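Data from data-v9.cif: mmCIF, C-alpha atoms
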```cif
data_input
loop_
_atom_site.label_atom_id
_atom_site.label_comp_id
_atom_site.auth_asym_id
_atom_site.auth_seq_id
_atom_site.Cartn_x
_atom_site.Cartn_y
_atom_site.Cartn_z
CA MET X 1 0.00 0.00 0.00
CA ALA X 2 1.35 3.46 -0.93
CA ASP X 3 2.15 5.80 1.96
CA ASP X 4 -0.50 8.32 0.81
CA THR X 5 -3.28 5.74 0.45
CA PRO X 6 -6.01 6.60 2.98
CA VAL X 7 -6.53 4.20 5.86
CA GLY X 8 -10.27 3.59 6.02
CA PRO X 9 -12.66 2.27 8.63
CA VAL X 10 -12.74 -1.35 9.70
CA SER X 11 -14.86 -3.09 7.07
CA GLY X 12 -18.31 -4.22 8.14
CA THR X 13 -17.95 -7.17 5.76
CA VAL X 14 -14.90 -8.39 7.70
CA VAL X 15 -15.65 -7.41 11.32
CA PRO X 16 -19.33 -7.11 12.34
CA ARG X 17 -20.38 -3.52 12.94
CA PHE X 18 -21.14 -4.21 16.60
CA ALA X 19 -17.47 -5.06 17.18
CA GLY X 20 -14.17 -3.37 16.48
CA PRO X 21 -12.86 0.11 17.36
CA SER X 22 -15.03 2.60 19.26
CA THR X 23 -13.95 5.54 17.08
CA PHE X 24 -16.38 7.34 14.79
CA ALA X 25 -17.39 4.92 12.03
CA ARG X 26 -14.55 2.67 13.29
CA LEU X 27 -12.02 4.98 11.66
CA PRO X 28 -8.36 5.00 12.62
CA GLU X 29 -7.22 7.47 15.25
CA THR X 30 -5.20 10.48 14.11
CA ARG X 31 -2.13 9.14 15.94
CA ASP X 32 -2.22 6.03 13.75
CA VAL X 33 -2.11 7.76 10.35
CA GLU X 34 0.68 9.72 8.71
CA ARG X 35 -1.62 12.48 7.51
CA CYS X 36 -5.23 13.52 7.98
CA ASP X 37 -7.53 15.54 5.72
CA VAL X 38 -10.62 15.67 7.94
CA ALA X 39 -10.63 14.96 11.67
CA ILE X 40 -13.51 14.04 13.97
CA LEU X 41 -13.16 15.88 17.29
CA GLY X 42 -15.21 15.10 20.39
CA VAL X 43 -16.10 18.05 22.63
CA PRO X 44 -17.77 16.55 25.73
CA PHE X 45 -18.82 19.74 27.52
CA ASP X 46 -22.30 20.73 28.71
CA GLY X 47 -21.57 23.28 31.44
CA GLY X 48 -23.50 25.94 29.51
CA THR X 49 -26.79 24.03 29.43
CA SER X 50 -29.87 25.91 30.66
CA TYR X 51 -32.39 23.06 30.91
CA ARG X 52 -31.64 19.32 30.62
CA PRO X 53 -27.95 18.43 31.00
CA GLY X 54 -26.25 15.40 29.46
CA ALA X 55 -24.77 16.54 26.14
CA ARG X 56 -21.32 15.80 27.57
CA PHE X 57 -22.12 12.21 26.66
CA GLY X 58 -23.00 13.18 23.08
CA PRO X 59 -19.64 12.38 21.43
CA GLN X 60 -19.53 8.81 22.71
CA ALA X 61 -23.20 8.27 21.82
CA ILE X 62 -22.67 9.54 18.27
CA ARG X 63 -19.61 7.35 17.86
CA GLN X 64 -21.55 4.32 19.09
CA ALA X 65 -24.46 5.03 16.73
CA SER X 66 -22.04 5.51 13.83
CA ARG X 67 -21.55 1.74 13.85
CA HIS X 68 -24.92 1.57 12.08
CA LEU X 69 -23.57 3.44 9.06
CA ARG X 70 -22.42 1.87 5.82
CA THR X 71 -19.69 4.28 4.91
CA ARG X 72 -17.90 3.03 1.79
CA TYR X 73 -20.03 4.72 -0.87
CA HIS X 74 -22.61 7.52 -0.71
CA PRO X 75 -24.84 7.40 -3.81
CA ALA X 76 -26.36 10.87 -3.24
CA TYR X 77 -22.91 12.43 -3.69
CA ASP X 78 -21.40 9.65 -5.82
CA ARG X 79 -18.42 9.71 -3.46
CA GLU X 80 -16.29 7.26 -1.50
CA PRO X 81 -15.18 9.71 1.18
CA PHE X 82 -12.95 7.39 3.18
CA VAL X 83 -11.22 6.23 -0.03
CA GLU X 84 -10.79 9.74 -1.42
CA MET X 85 -9.65 11.41 1.82
CA GLN X 86 -7.87 10.43 4.98
CA VAL X 87 -10.42 10.84 7.75
CA ALA X 88 -9.50 10.00 11.34
CA ASP X 89 -10.83 10.33 14.87
CA ALA X 90 -8.91 12.84 16.98
CA GLY X 91 -10.49 11.77 20.27
CA ASP X 92 -11.97 14.15 22.83
CA VAL X 93 -10.93 17.55 24.15
CA PRO X 94 -10.24 17.19 27.91
CA CYS X 95 -12.83 19.79 28.97
CA ASN X 96 -12.93 21.00 32.58
CA PRO X 97 -16.48 20.18 33.74
CA TYR X 98 -16.36 22.79 36.56
CA SER X 99 -15.09 25.86 34.70
CA ILE X 100 -16.72 27.23 31.56
CA THR X 101 -13.83 29.64 31.05
CA GLN X 102 -11.17 26.97 31.24
CA ALA X 103 -13.16 24.53 29.11
CA ILE X 104 -13.57 27.17 26.39
CA ALA X 105 -9.80 27.77 26.41
CA GLN X 106 -9.14 24.02 26.20
CA ILE X 107 -11.51 23.62 23.26
CA GLN X 108 -10.07 26.63 21.43
CA ASN X 109 -6.47 25.50 21.91
CA SER X 110 -7.17 21.90 20.89
CA ALA X 111 -9.16 22.86 17.79
CA THR X 112 -6.63 25.51 16.75
CA GLU X 113 -3.78 23.03 16.99
CA LEU X 114 -5.74 20.35 15.12
CA LEU X 115 -6.74 22.72 12.31
CA GLY X 116 -3.06 23.45 11.79
CA LYS X 117 -2.59 19.81 10.82
CA VAL X 118 -5.77 18.98 8.87
CA LYS X 119 -7.95 20.55 6.19
CA GLY X 120 -11.14 20.48 8.23
CA ILE X 121 -12.78 19.21 11.39
CA VAL X 122 -16.22 17.88 12.28
CA SER X 123 -16.78 18.43 15.99
CA LEU X 124 -19.17 16.33 18.07
CA GLY X 125 -20.63 18.21 21.06
CA GLY X 126 -21.34 18.91 23.75
CA ASP X 127 -23.73 21.83 24.18
CA HIS X 128 -23.78 24.83 21.87
CA THR X 129 -21.41 26.84 24.06
CA VAL X 130 -18.61 24.98 22.27
CA ALA X 131 -19.31 26.85 19.01
CA VAL X 132 -17.53 29.97 20.30
CA PRO X 133 -14.08 28.40 20.84
CA LEU X 134 -14.47 26.34 17.67
CA LEU X 135 -15.20 29.48 15.64
CA ARG X 136 -12.20 31.19 17.22
CA ALA X 137 -10.03 28.29 16.11
CA VAL X 138 -11.42 28.45 12.57
CA ASN X 139 -10.81 32.21 12.46
CA HIS X 140 -7.20 31.68 13.48
CA HIS X 141 -6.66 29.77 10.24
CA HIS X 142 -9.32 31.11 7.86
CA GLY X 143 -10.43 34.50 9.16
CA PRO X 144 -14.15 35.37 9.50
CA VAL X 145 -16.42 32.78 7.87
CA ALA X 146 -19.95 32.44 6.64
CA LEU X 147 -21.97 30.86 9.44
CA VAL X 148 -25.00 28.71 8.67
CA HIS X 149 -26.65 27.70 11.92
CA PHE X 150 -29.31 24.96 12.08
CA ASP X 151 -31.31 25.21 15.30
CA ALA X 152 -34.76 25.58 16.81
CA HIS X 153 -33.41 28.57 18.74
CA LEU X 154 -31.53 31.73 17.80
CA ASP X 155 -28.70 31.34 20.35
CA THR X 156 -28.00 35.06 20.14
CA TRP X 157 -29.25 36.09 23.57
CA ASP X 158 -26.92 38.29 25.61
CA THR X 159 -26.72 36.36 28.89
CA TYR X 160 -28.47 33.70 30.94
CA PHE X 161 -28.64 34.54 34.67
CA GLY X 162 -25.80 36.98 34.07
CA ALA X 163 -23.56 34.34 32.45
CA PRO X 164 -22.11 35.45 29.08
CA TYR X 165 -21.06 31.99 27.89
CA THR X 166 -23.95 29.53 27.68
CA HIS X 167 -25.54 27.39 24.99
CA GLY X 168 -28.03 30.21 24.29
CA THR X 169 -25.43 32.95 23.74
CA PRO X 170 -22.64 31.65 21.45
CA PHE X 171 -23.49 33.64 18.37
CA ARG X 172 -23.89 36.93 20.28
CA ARG X 173 -20.33 36.45 21.51
CA ALA X 174 -19.21 35.38 18.02
CA SER X 175 -20.74 38.53 16.56
CA GLU X 176 -19.04 40.74 19.14
CA GLU X 177 -15.69 39.16 18.25
CA GLY X 178 -16.26 39.40 14.49
CA LEU X 179 -15.93 35.65 14.00
CA PHE X 180 -18.44 35.45 11.12
CA VAL X 181 -19.28 37.62 8.13
CA ASP X 182 -22.63 39.05 9.10
CA ASP X 183 -24.13 39.66 5.67
CA VAL X 184 -23.61 36.07 4.48
CA SER X 185 -24.80 34.20 7.60
CA MET X 186 -28.12 32.55 8.41
CA HIS X 187 -30.21 30.67 10.95
CA VAL X 188 -32.18 27.71 9.60
CA GLY X 189 -35.08 25.89 11.30
CA ILE X 190 -35.98 28.53 13.91
CA ARG X 191 -39.38 28.04 15.52
CA GLY X 192 -41.42 28.39 18.68
CA PRO X 193 -42.13 31.28 21.08
CA LEU X 194 -39.44 33.69 22.25
CA TYR X 195 -38.55 35.52 25.45
CA SER X 196 -39.36 38.90 23.90
CA ARG X 197 -40.66 40.47 20.71
CA GLU X 198 -37.25 42.17 20.55
CA ASP X 199 -35.36 38.87 20.10
CA LEU X 200 -35.77 38.67 16.34
CA LYS X 201 -35.04 42.40 15.92
CA GLN X 202 -31.83 42.17 17.93
CA ASP X 203 -30.82 39.03 16.05
CA ALA X 204 -31.29 40.81 12.70
CA GLU X 205 -29.08 43.64 13.95
CA LEU X 206 -26.27 41.08 14.28
CA GLY X 207 -26.57 40.43 10.54
CA PHE X 208 -28.37 37.10 10.51
CA ARG X 209 -31.20 36.23 8.17
CA VAL X 210 -33.66 33.58 9.31
CA ILE X 211 -35.29 30.67 7.52
CA HIS X 212 -38.11 29.69 9.84
CA CYS X 213 -39.00 26.04 10.05
CA ASP X 214 -42.47 26.66 8.64
CA GLU X 215 -40.86 27.84 5.39
CA PHE X 216 -39.90 24.26 4.60
CA GLN X 217 -43.62 23.62 4.28
CA THR X 218 -44.33 26.66 2.12
CA GLU X 219 -41.13 26.83 0.02
CA GLY X 220 -39.67 23.33 -0.07
CA ILE X 221 -36.10 22.13 0.22
CA ASP X 222 -34.84 23.28 -3.19
CA LEU X 223 -35.77 26.91 -2.62
CA VAL X 224 -34.37 26.87 0.91
CA VAL X 225 -31.06 25.51 -0.41
CA ARG X 226 -30.97 28.15 -3.15
CA ARG X 227 -31.51 30.95 -0.62
CA ILE X 228 -28.65 29.69 1.54
CA ARG X 229 -26.25 29.16 -1.37
CA ASP X 230 -27.05 32.61 -2.82
CA ARG X 231 -26.34 34.27 0.54
CA VAL X 232 -23.16 32.35 1.38
CA GLY X 233 -21.62 32.36 -2.09
CA ASP X 234 -18.03 31.11 -2.14
CA HIS X 235 -17.13 32.31 1.37
CA PRO X 236 -15.43 29.80 3.68
CA LEU X 237 -18.34 28.09 5.41
CA TYR X 238 -18.83 26.97 9.00
CA LEU X 239 -21.88 24.79 9.64
CA SER X 240 -23.22 24.59 13.18
CA ILE X 241 -25.97 22.02 13.64
CA ASP X 242 -27.94 21.78 16.87
CA ILE X 243 -29.72 18.43 16.76
CA ASP X 244 -32.83 20.09 18.21
CA VAL X 245 -33.42 21.61 14.78
CA LEU X 246 -35.08 18.23 14.23
CA ASP X 247 -38.57 17.60 15.56
CA PRO X 248 -38.51 15.63 18.84
CA ALA X 249 -40.04 12.72 16.92
CA TYR X 250 -36.68 12.45 15.12
CA ALA X 251 -34.41 13.69 17.93
CA PRO X 252 -35.90 13.22 21.41
CA GLY X 253 -32.48 12.99 23.06
CA THR X 254 -31.66 16.67 23.44
CA GLY X 255 -31.68 19.27 26.19
CA THR X 256 -34.25 21.75 24.88
CA PRO X 257 -36.63 19.97 22.48
CA GLU X 258 -39.04 22.08 20.44
CA VAL X 259 -42.04 20.63 18.61
CA ALA X 260 -42.88 21.21 14.93
CA GLY X 261 -39.30 20.85 13.74
CA MET X 262 -37.54 19.61 10.63
CA THR X 263 -37.65 15.98 9.64
CA SER X 264 -34.40 14.06 9.35
CA ARG X 265 -35.07 13.75 5.60
CA GLU X 266 -35.33 17.54 5.28
CA LEU X 267 -32.09 18.10 7.15
CA VAL X 268 -29.97 15.63 5.20
CA ASN X 269 -31.37 16.83 1.88
CA VAL X 270 -30.58 20.46 2.69
CA LEU X 271 -27.03 19.40 3.54
CA ARG X 272 -26.76 17.49 0.27
CA GLY X 273 -27.67 20.73 -1.48
CA PHE X 274 -24.43 22.23 -0.16
CA ALA X 275 -22.21 19.94 -2.27
CA GLY X 276 -19.37 21.97 -3.75
CA MET X 277 -19.55 24.79 -1.19
CA ASN X 278 -16.36 25.90 0.57
CA ILE X 279 -16.89 24.14 3.92
CA VAL X 280 -13.97 24.50 6.35
CA ALA X 281 -15.43 23.12 9.61
CA ALA X 282 -18.67 22.02 11.25
CA ASP X 283 -20.15 21.01 14.55
CA ILE X 284 -23.03 18.80 15.66
CA VAL X 285 -24.19 19.62 19.17
CA GLU X 286 -26.80 19.00 21.87
CA VAL X 287 -27.12 15.22 21.53
CA ALA X 288 -28.05 14.16 25.08
CA PRO X 289 -28.35 10.36 25.14
CA ALA X 290 -30.00 10.14 28.57
CA TYR X 291 -33.23 11.37 26.94
CA ASP X 292 -32.83 9.28 23.79
CA HIS X 293 -34.34 5.89 23.02
CA ALA X 294 -33.31 3.29 20.46
CA GLU X 295 -30.35 5.58 19.54
CA ILE X 296 -32.70 7.71 17.41
CA THR X 297 -31.01 11.02 18.18
CA ALA X 298 -27.49 9.62 18.26
CA LEU X 299 -28.03 7.97 14.87
CA ALA X 300 -29.30 11.27 13.48
CA GLY X 301 -26.12 12.92 14.77
CA ALA X 302 -23.91 10.22 13.29
CA THR X 303 -25.69 10.41 9.95
CA VAL X 304 -25.32 14.18 9.84
CA ALA X 305 -21.61 13.80 10.60
CA TYR X 306 -21.22 11.39 7.68
CA GLU X 307 -23.09 13.82 5.40
CA LEU X 308 -20.66 16.56 6.45
CA ILE X 309 -17.67 14.34 5.70
CA ASN X 310 -19.06 13.84 2.20
CA LEU X 311 -19.32 17.62 1.79
CA PHE X 312 -15.57 17.82 2.42
CA ALA X 313 -15.06 15.11 -0.21
CA CYS X 314 -17.13 17.11 -2.70
CA LYS X 315 -15.04 20.18 -1.96
CA GLU X 316 -11.89 18.21 -2.84
CA LYS X 317 -13.30 17.14 -6.22
#
```
Would you give me this structure, written as structure tokens?
Amino acid sequence: MADDTPVGPVSGTVVPRFAGPSTFARLPETRDVERCDVAILGVPFDGGTSYRPGARFGPQAIRQASRHLRTRYHPAYDREPFVEMQVADAGDVPCNPYSITQAIAQIQNSATELLGKVKGIVSLGGDHTVAVPLLRAVNHHHGPVALVHFDAHLDTWDTYFGAPYTHGTPFRRASEEGLFVDDVSMHVGIRGPLYSREDLKQDAELGFRVIHCDEFQTEGIDLVVRRIRDRVGDHPLYLSIDIDVLDPAYAPGTGTPEVAGMTSRELVNVLRGFAGMNIVAADIVEVAPAYDHAEITALAGATVAYELINLFACKEK
């Protein structure tokens, strides 16, 4: 085998999928490969959660559910991502569970160092607080990016109980730090009541445009994808995906579920519409397995992660 030939996952036709390594999709670890194009990074932190805790167990739940996946060939993209790229599991950031400030620094430092060695990362959270240090790491290497944020909630509130860093405030902090390009960024899947009629106004002042979840019913996936692609253009793209963008029927295992959400089919088909865009990093957050059953939410998270990996493969084409 040539030195630059990617090392893929353990084959499900050789070792049953319920056995073998506990890495994402049974991939090699980054320490076991000579190079890495895309790394999977676990971020097991949920100290910024405002309602139901437990997303610290999200990375291991997503990895476990990823055993379900058949990963050799994705017909929707016509790609073999683990043949075309070297993808590896970088393990977990050692987040301090008692200090939000220290955990944020640990996440930022780990992601910044990793992005200096790879072309992109897919991070598995963790609550949405982790998006701030991850965006800082991306900015260190790429500068301000287009941010497309899938979520039931805006996550642009100023504070919770006086705390500036929580899972409901990451994109207010990111805006204050200039981590994303405001006129090319969007929220997707927003729904439900708000704390104040000012919430949407203040969010718009940060530069975001909103695709409400109900618009999937009135406009359809193709038009939604076109609106996002037209706004983002060829800017470097960061995708942040809170699993609660899905309806609780498709993702019950999350901290702040909100009814009337996207279906899993809608989410993966929107992501498939991003093929060819300039994705540089992504996160999947708020998978809380204590509230899950039959690995429904964890499998949704694992599937989304695999879709994101294919987007990196399309970018390399």
Please identify all polymer residues within 6 Å of region 49-53 of chain X, counting only C-alpha atoms, omitting same-chain residues fewer than 3 positions from it, and present them as a short mmCIF file (atom, residue, chain, number, x, y, z; two decimals) with C-alpha atoms, in the coordinates of the input.
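Dumped to part-v4.cif:
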```
data_model
loop_
_atom_site.label_atom_id
_atom_site.label_comp_id
_atom_site.auth_asym_id
_atom_site.auth_seq_id
_atom_site.Cartn_x
_atom_site.Cartn_y
_atom_site.Cartn_z
CA ASP X 46 -22.30 20.73 28.71
CA HIS X 167 -25.54 27.39 24.99
CA GLY X 255 -31.68 19.27 26.19
#
```
- Compare X:Glu316, X:Phe171, X:Asp199, X:Gly301 by their minimum atom-to-atom distance to Pro289 (chain X), counting all atoms listed in the file, and give me the closest one.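 Counting all atoms listed in the file, the residue closest to Pro289 (chain X) is X:Gly301.
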- Task: Identify all residues satisfying the PyMOL selection byres ((chain X and resi 140-143) around 8) in the given file; provide them as a ChimeraX atom specification.
- Result: /X:112,115-116,136-139,144-145,179,236
- Task: For Ala174 (chain X), work out the shell of residues within 10 Å, counting only C-alpha atoms and skipping chain neighbours fewer than 6 positions away, then give it as a PyMOL selection string.
- Result: chain X and resi 131-133+135-136+144+156+180+206
- Task: Rank nothing, just name the residue among X:Val148, X:Ile296, X:Ala163, X:Leu41 nearest to Ile107 (chain X), using only C-alpha atoms.
- Result: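 Looking at the shortest contact to Ile107 (chain X), the residue is X:Leu41.
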- Task: Might you pull out every residue within 12 Å of region 70-80 of chain X, with all atoms listed in the file counted and same-chain residues fewer than 2 positions away left off, and present them as a ChimeraX atom specification?
- Result: /X:6,8-13,16-17,24-27,65-68,82-87,268-269,271-276,302-303,305-317
- Task: Any chance you could resolve the PyMOL selection byres ((chain X and resi 96) around 12) against this file and give the residues as a list in words?
- Result: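 Output from the PyMOL selection byres ((chain X and resi 96) around 12), applied to this file: Val43, Pro44, Phe45, Asp46, Gly47, Arg56, Asp92, Val93, Pro94, Cys95, Pro97, Tyr98, Ser99, Ile100, Thr101, Gln102, Ala103, Ile104, Ala105, Gln106 and Ile107 of chain X.
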- Task: Please write the residues picked by the PyMOL selection byres ((chain X and resi 242) around 7) on this file as a list in words.
- Result: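 Written out, the selection comes to Phe150, Asp151, Ser240, Ile241, Ile243, Asp244, Val245, Ile284, Val285 and Glu286 of chain X.
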- Query: CA of Gln60 (chain X) and CA of Ala290 (chain X), how far apart in Å?
  - Reply: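 So the two atoms, CA of Ala290 (chain X) and CA of Gln60 (chain X), lie 12.1 Å apart.
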- Task: Can you pull out every residue within 8 Å of Gly91 (chain X), counting only C-alpha atoms, but drop anything in the same chain fewer than 6 positions away, and send it as a list in words?
- Result: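 Here the answer would be Thr23, Glu29, Ile40, Leu41 and Gly42 of chain X.
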- Query: Which is closer to Cys36 (chain X) than all the others in X:Ala55, X:Leu69, X:Ile121, X:Ala111, using all atoms listed in the file?
  - Reply: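 When distances to Cys36 (chain X) are compared using all atoms listed in the file, the smallest one comes from X:Ile121.
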- Task: Select, from X:His293, X:Lys117, X:Arg35, X:Arg227, the residue with the minimum atom-to-atom distance to Val210 (chain X), counting all atoms listed in the file.
- Result: X:Arg227
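As for CA of Val232 (chain X) and CA of Glu205 (chain X), they are spaced 17.9 Å apart.
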- Message: Quick one: residues within 8 Å of Ser264 (chain X), all atoms listed in the file, excluding same-chain residues fewer than 5 positions away - as a ChimeraX atom specification?
- Response: /X:246,250,300
